[in-house]
Amino acid sequence: MIIFLIKKTFFDFLNNAFCLVLINAGFFILCAVPLLVCKIFDTFLSEVLKAVIIITGIIFCAIYMHLAVKILRNISDGKILQFKKKNINKNIITKNIILKIIFQTIPQGIVHGIFISVVFFIFNSVLPFFLYNNSMISLIMASLLFWAALIVIMAFQFFPSVRLRTMSSTTLKAVQESFSFFFGNKIFCILCMIFSAVIMLISLPAAFLFPGMAGVLLFFDEALCLRQQLFSIPSQKKL
């Protein structure tokens with residue numbers, strides 16, 4: 001199954017390279033803006049204000065991520081990525097659909113952004129604090145936090161696709177189903193996480209524009225879609 005998933009993802013990368021580059025350009029801009037603001041106005045911003053700017057940037061990136069997954073799902077389903085004024089073909093993404101799904105992605109994007117911010121704070125501040133304290137309790141706490149954060153990362157890697165493809169009525173329900181999917185498919189999720197790291201590594205020469213983050217999201221969506229077909233997870237929702 002993993003071999004088939006990798007092959008399908010590879011050919012989808014090649015067949016939709018331009019779309020992936022455009023989506024990754026959006027990620028690049030959203031990531032660069034808060035970092036540039038903090039760098040340029042470094043002397044005028046307090047540490048708290050910098051943290052607020054970074055967290056706001058993370059939330060906007062998360063919202064954009066959920067929007068990107070809704071577009072990339074059409075690649076997973078073999079649909080055509082075109083922009084038309086009229087919805088002549090159901091397989092064509094229209095501008096009206098884009099505007100509609102932007103508002104649909106805001107709640108789950110905010111939740112996802114908060115989780116990413118918490119995990120970032122744990123790895124950037126909390127774990128170093130415990131590791132620098134040379135005590136057994138600190139090491140135990142650091143170990144527990146590390147594995148808890150790792151579980152959250154592996155569960156949330158499928159969160160945008162789970163929210164989109166399953167019959168989750170609320171964002172909270174999608175969070176629960178993401179953790180349920182992880183605990184029911186631990187080896188599969190670990191392999192997907194490893195392959196996503198490989199995708200990001202091979203994206204380095206292209207400045208993460210191809211396949212980049214869009215390629216990772218496409219891979220996760222196709223992985224979940226394949227898992228749905230094999231184990232009859234509830235069918236996907238319509239836009």
# chains A, B, ... in the order shown; residues from 1 in each chain; ligands from 1
>>> residues_around(residues="Pro128 in chain A", least_positions_apart="4", cutoff="12 Å", atoms="only C-alpha atoms", output="PyMOL selection string")
chain A and resi 120-124+132-134+138-139+141-143+145-146
>>> write_last_selection(atoms="C-alpha atoms", output="mmCIF file, in the first residue's frame")
data_model
loop_
_atom_site.group_PDB
_atom_site.id
_atom_site.type_symbol
_atom_site.label_atom_id
_atom_site.label_comp_id
_atom_site.auth_asym_id
_atom_site.auth_seq_id
_atom_site.Cartn_x
_atom_site.Cartn_y
_atom_site.Cartn_z
ATOM 1 C CA PHE A 120 6.372 25.344 18.792
ATOM 2 C CA PHE A 121 6.412 26.891 22.273
ATOM 3 C CA ILE A 122 7.072 23.473 23.843
ATOM 4 C CA PHE A 123 10.056 22.733 21.591
ATOM 5 C CA ASN A 124 11.410 26.283 21.616
ATOM 6 C CA TYR A 132 19.036 22.708 31.282
ATOM 7 C CA ASN A 133 17.899 21.767 34.790
ATOM 8 C CA ASN A 134 20.037 18.758 35.592
ATOM 9 C CA SER A 138 13.192 17.733 34.801
ATOM 10 C CA LEU A 139 14.370 14.955 32.505
ATOM 11 C CA MET A 141 9.041 16.068 32.374
ATOM 12 C CA ALA A 142 11.055 16.819 29.232
ATOM 13 C CA SER A 143 10.621 13.237 28.041
ATOM 14 C CA LEU A 145 6.449 16.630 26.900
ATOM 15 C CA PHE A 146 8.531 15.478 23.946
#
>>> closest_atom_pairs(of="range 91-188 of chain A", to="range 61-73 of chain A", cutoff="8 Å", atoms="only C-alpha atoms", output="tab-separated table")
residue	atom	partner	partner_atom	distance
A:Ile101	CA	A:Leu67	CA	6.8
A:Ile102	CA	A:Leu67	CA	6.2
A:Thr105	CA	A:His66	CA	5.8
A:Ile106	CA	A:Ile63	CA	5.7
A:Gln108	CA	A:Ile63	CA	7.3
A:Gly109	CA	A:Ile63	CA	3.9
A:Ile110	CA	A:Ile63	CA	6.5
A:His112	CA	A:Ala62	CA	6.1
A:Gly113	CA	A:Ala62	CA	5.1
A:Pro160	CA	A:His66	CA	5.5
A:Ser161	CA	A:Val69	CA	6.7
A:Leu164	CA	A:Lys70	CA	7.1
>>> write_last_selection(atoms="N, CA and C atoms", output="PDB file, in the first residue's frame")
ATOM      1  N   ILE A 101     -15.054  28.370   0.436  1.00  0.00           N
ATOM      2  CA  ILE A 101     -14.243  27.515   1.297  1.00  0.00           C
ATOM      3  C   ILE A 101     -13.252  28.324   2.131  1.00  0.00           C
ATOM      4  N   ILE A 102     -12.967  29.574   1.745  1.00  0.00           N
ATOM      5  CA  ILE A 102     -12.117  30.423   2.583  1.00  0.00           C
ATOM      6  C   ILE A 102     -12.772  30.630   3.948  1.00  0.00           C
ATOM      7  N   THR A 105     -12.825  27.446   6.147  1.00  0.00           N
ATOM      8  CA  THR A 105     -11.554  26.984   6.710  1.00  0.00           C
ATOM      9  C   THR A 105     -11.097  27.786   7.920  1.00  0.00           C
ATOM     10  N   ILE A 106     -11.719  28.928   8.188  1.00  0.00           N
ATOM     11  CA  ILE A 106     -11.236  29.796   9.265  1.00  0.00           C
ATOM     12  C   ILE A 106     -11.284  29.129  10.643  1.00  0.00           C
ATOM     13  N   GLN A 108     -11.343  25.851  11.696  1.00  0.00           N
ATOM     14  CA  GLN A 108     -10.367  24.778  11.875  1.00  0.00           C
ATOM     15  C   GLN A 108      -8.940  25.278  11.704  1.00  0.00           C
ATOM     16  N   GLY A 109      -8.764  26.319  10.872  1.00  0.00           N
ATOM     17  CA  GLY A 109      -7.431  26.891  10.714  1.00  0.00           C
ATOM     18  C   GLY A 109      -6.943  27.548  12.003  1.00  0.00           C
ATOM     19  N   ILE A 110      -7.844  28.236  12.690  1.00  0.00           N
ATOM     20  CA  ILE A 110      -7.476  28.872  13.966  1.00  0.00           C
ATOM     21  C   ILE A 110      -7.106  27.815  15.001  1.00  0.00           C
ATOM     22  N   HIS A 112      -6.078  24.737  14.431  1.00  0.00           N
ATOM     23  CA  HIS A 112      -4.817  24.119  14.006  1.00  0.00           C
ATOM     24  C   HIS A 112      -3.635  25.043  14.306  1.00  0.00           C
ATOM     25  N   GLY A 113      -3.805  26.333  14.055  1.00  0.00           N
ATOM     26  CA  GLY A 113      -2.740  27.289  14.323  1.00  0.00           C
ATOM     27  C   GLY A 113      -2.389  27.369  15.794  1.00  0.00           C
ATOM     28  N   PRO A 160      -6.211  18.454   8.601  1.00  0.00           N
ATOM     29  CA  PRO A 160      -6.946  19.129   7.518  1.00  0.00           C
ATOM     30  C   PRO A 160      -7.721  18.161   6.635  1.00  0.00           C
ATOM     31  N   SER A 161      -7.122  17.020   6.301  1.00  0.00           N
ATOM     32  CA  SER A 161      -7.795  16.045   5.443  1.00  0.00           C
ATOM     33  C   SER A 161      -8.906  15.322   6.186  1.00  0.00           C
ATOM     34  N   LEU A 164     -11.866  17.498   6.281  1.00  0.00           N
ATOM     35  CA  LEU A 164     -12.458  17.652   4.960  1.00  0.00           C
ATOM     36  C   LEU A 164     -13.152  16.389   4.477  1.00  0.00           C
TER      37      LEU A 164
END
>>> residues_around(residues="Val119 in chain A", least_positions_apart="3", cutoff="12 Å", atoms="only C-alpha atoms", output="list of chain:residue names")
A:Ile55, A:Ile58, A:His112, A:Gly113, A:Ile114, A:Phe115, A:Ile116, A:Ile122, A:Phe123, A:Asn124, A:Ser125, A:Val126, A:Leu127, A:Leu145, A:Phe146, A:Trp147, A:Ala148, A:Ala149, A:Leu150, A:Ile151, A:Val152, A:Ile153, A:Met154, A:Phe156
>>> residues_around(residues="range 191-203 of chain A", least_positions_apart="6", cutoff="6 Å", atoms="only C-alpha atoms", output="PyMOL selection string")
chain A and resi 210-212+216
>>> write_last_selection(atoms="C-alpha atoms", output="short mmCIF file (atom, residue, chain, number, x, y, z; two decimals), in the first residue's frame")
data_model
loop_
_atom_site.label_atom_id
_atom_site.label_comp_id
_atom_site.auth_asym_id
_atom_site.auth_seq_id
_atom_site.Cartn_x
_atom_site.Cartn_y
_atom_site.Cartn_z
CA PHE A 210 8.39 22.15 -5.35
CA PRO A 211 7.06 19.84 -4.09
CA GLY A 212 7.26 21.70 -0.78
CA VAL A 216 3.34 17.15 1.85
#
>>> select_by_dssp(residues="range 52-219 of chain A", states="strand (DSSP E)", output="ChimeraX atom specification")
/A:80-84,92-94
>>> atom_distance(atom1="CA of Ala155 in chain A", atom2="CA of Ser178 in chain A")
5.4 Å
>>> closest_residue(among="A:Phe18, A:Phe181, A:Phe27, A:Phe41", to="Ile59 in chain A", atoms="only C-alpha atoms")
A:Phe27
>>> residues_around(residues="Gly78 in chain A", least_positions_apart="4", cutoff="12 Å", atoms="only C-alpha atoms", output="CSV table (one decimal) with N, CA, C and O atoms, in the first residue's frame")
chain,number,residue,atom,x,y,z
A,8,LYS,N,1.7,7.0,-6.7
A,8,LYS,CA,0.6,7.9,-7.0
A,8,LYS,C,1.0,9.3,-6.7
A,8,LYS,O,0.7,10.3,-7.5
A,9,THR,N,1.5,9.6,-5.5
A,9,THR,CA,1.9,10.9,-5.1
A,9,THR,C,3.0,11.5,-6.1
A,9,THR,O,2.9,12.6,-6.5
A,11,PHE,N,3.5,10.8,-9.3
A,11,PHE,CA,3.0,11.2,-10.6
A,11,PHE,C,2.0,12.4,-10.5
A,11,PHE,O,2.0,13.2,-11.4
A,12,ASP,N,1.3,12.5,-9.3
A,12,ASP,CA,0.5,13.7,-9.1
A,12,ASP,C,1.4,14.9,-8.9
A,12,ASP,O,1.0,16.0,-9.3
A,15,ASN,N,2.3,15.9,-12.6
A,15,ASN,CA,1.2,16.3,-13.4
A,15,ASN,C,0.6,17.6,-12.9
A,15,ASN,O,-0.1,18.3,-13.7
A,16,ASN,N,0.9,18.0,-11.7
A,16,ASN,CA,0.3,19.3,-11.1
A,16,ASN,C,1.4,20.2,-10.5
A,16,ASN,O,1.2,20.9,-9.5
A,71,ILE,N,-8.2,22.5,-2.0
A,71,ILE,CA,-7.9,22.5,-3.5
A,71,ILE,C,-7.1,21.3,-3.9
A,71,ILE,O,-7.4,20.7,-4.9
A,72,LEU,N,-6.2,20.8,-3.1
A,72,LEU,CA,-5.4,19.6,-3.4
A,72,LEU,C,-6.2,18.4,-3.4
A,72,LEU,O,-5.8,17.4,-4.0
A,73,ARG,N,-7.3,18.4,-2.7
A,73,ARG,CA,-8.2,17.2,-2.6
A,73,ARG,C,-8.6,16.8,-4.1
A,73,ARG,O,-8.8,15.6,-4.4
A,74,ASN,N,-8.8,17.8,-4.9
A,74,ASN,CA,-9.3,17.6,-6.2
A,74,ASN,C,-8.2,16.8,-7.0
A,74,ASN,O,-8.5,16.1,-7.9
A,91,ASN,N,-16.3,19.1,-12.1
A,91,ASN,CA,-14.9,18.8,-11.8
A,91,ASN,C,-14.0,20.0,-11.8
A,91,ASN,O,-12.8,20.0,-11.6
A,92,ILE,N,-14.6,21.2,-12.1
A,92,ILE,CA,-13.8,22.5,-12.3
A,92,ILE,C,-14.1,23.3,-11.0
A,92,ILE,O,-15.2,23.5,-10.6
A,222,GLU,N,-3.8,12.1,0.1
A,222,GLU,CA,-3.9,10.8,-0.6
A,222,GLU,C,-3.7,9.6,0.3
A,222,GLU,O,-4.3,8.6,0.1
A,225,CYS,N,-7.1,9.2,2.0
A,225,CYS,CA,-8.0,8.8,1.0
A,225,CYS,C,-7.9,7.3,0.7
A,225,CYS,O,-8.8,6.5,0.7
>>> closest_residue(among="A:Met136, A:Cys189, A:Leu131, A:Leu30", to="Ala223 in chain A", atoms="only C-alpha atoms")
A:Cys189
>>> atom_distance(atom1="CA of Val175 in chain A", atom2="CA of Gln157 in chain A")
10.9 Å
>>> closest_residue(among="A:Ser76, A:Gln104, A:Ser135, A:Ser117", to="Leu226 in chain A", atoms="only C-alpha atoms")
A:Ser76
>>> atom_distance(atom1="CA of Gly215 in chain A", atom2="CA of Asn24 in chain A")
8.7 Å
>>> residues_around(residues="Leu209 in chain A", least_positions_apart="6", cutoff="8 Å", atoms="only C-alpha atoms", output="list of chain:residue names")
A:Leu20, A:Val21, A:Leu22, A:Asn24, A:Ala25, A:Phe28, A:Ser203
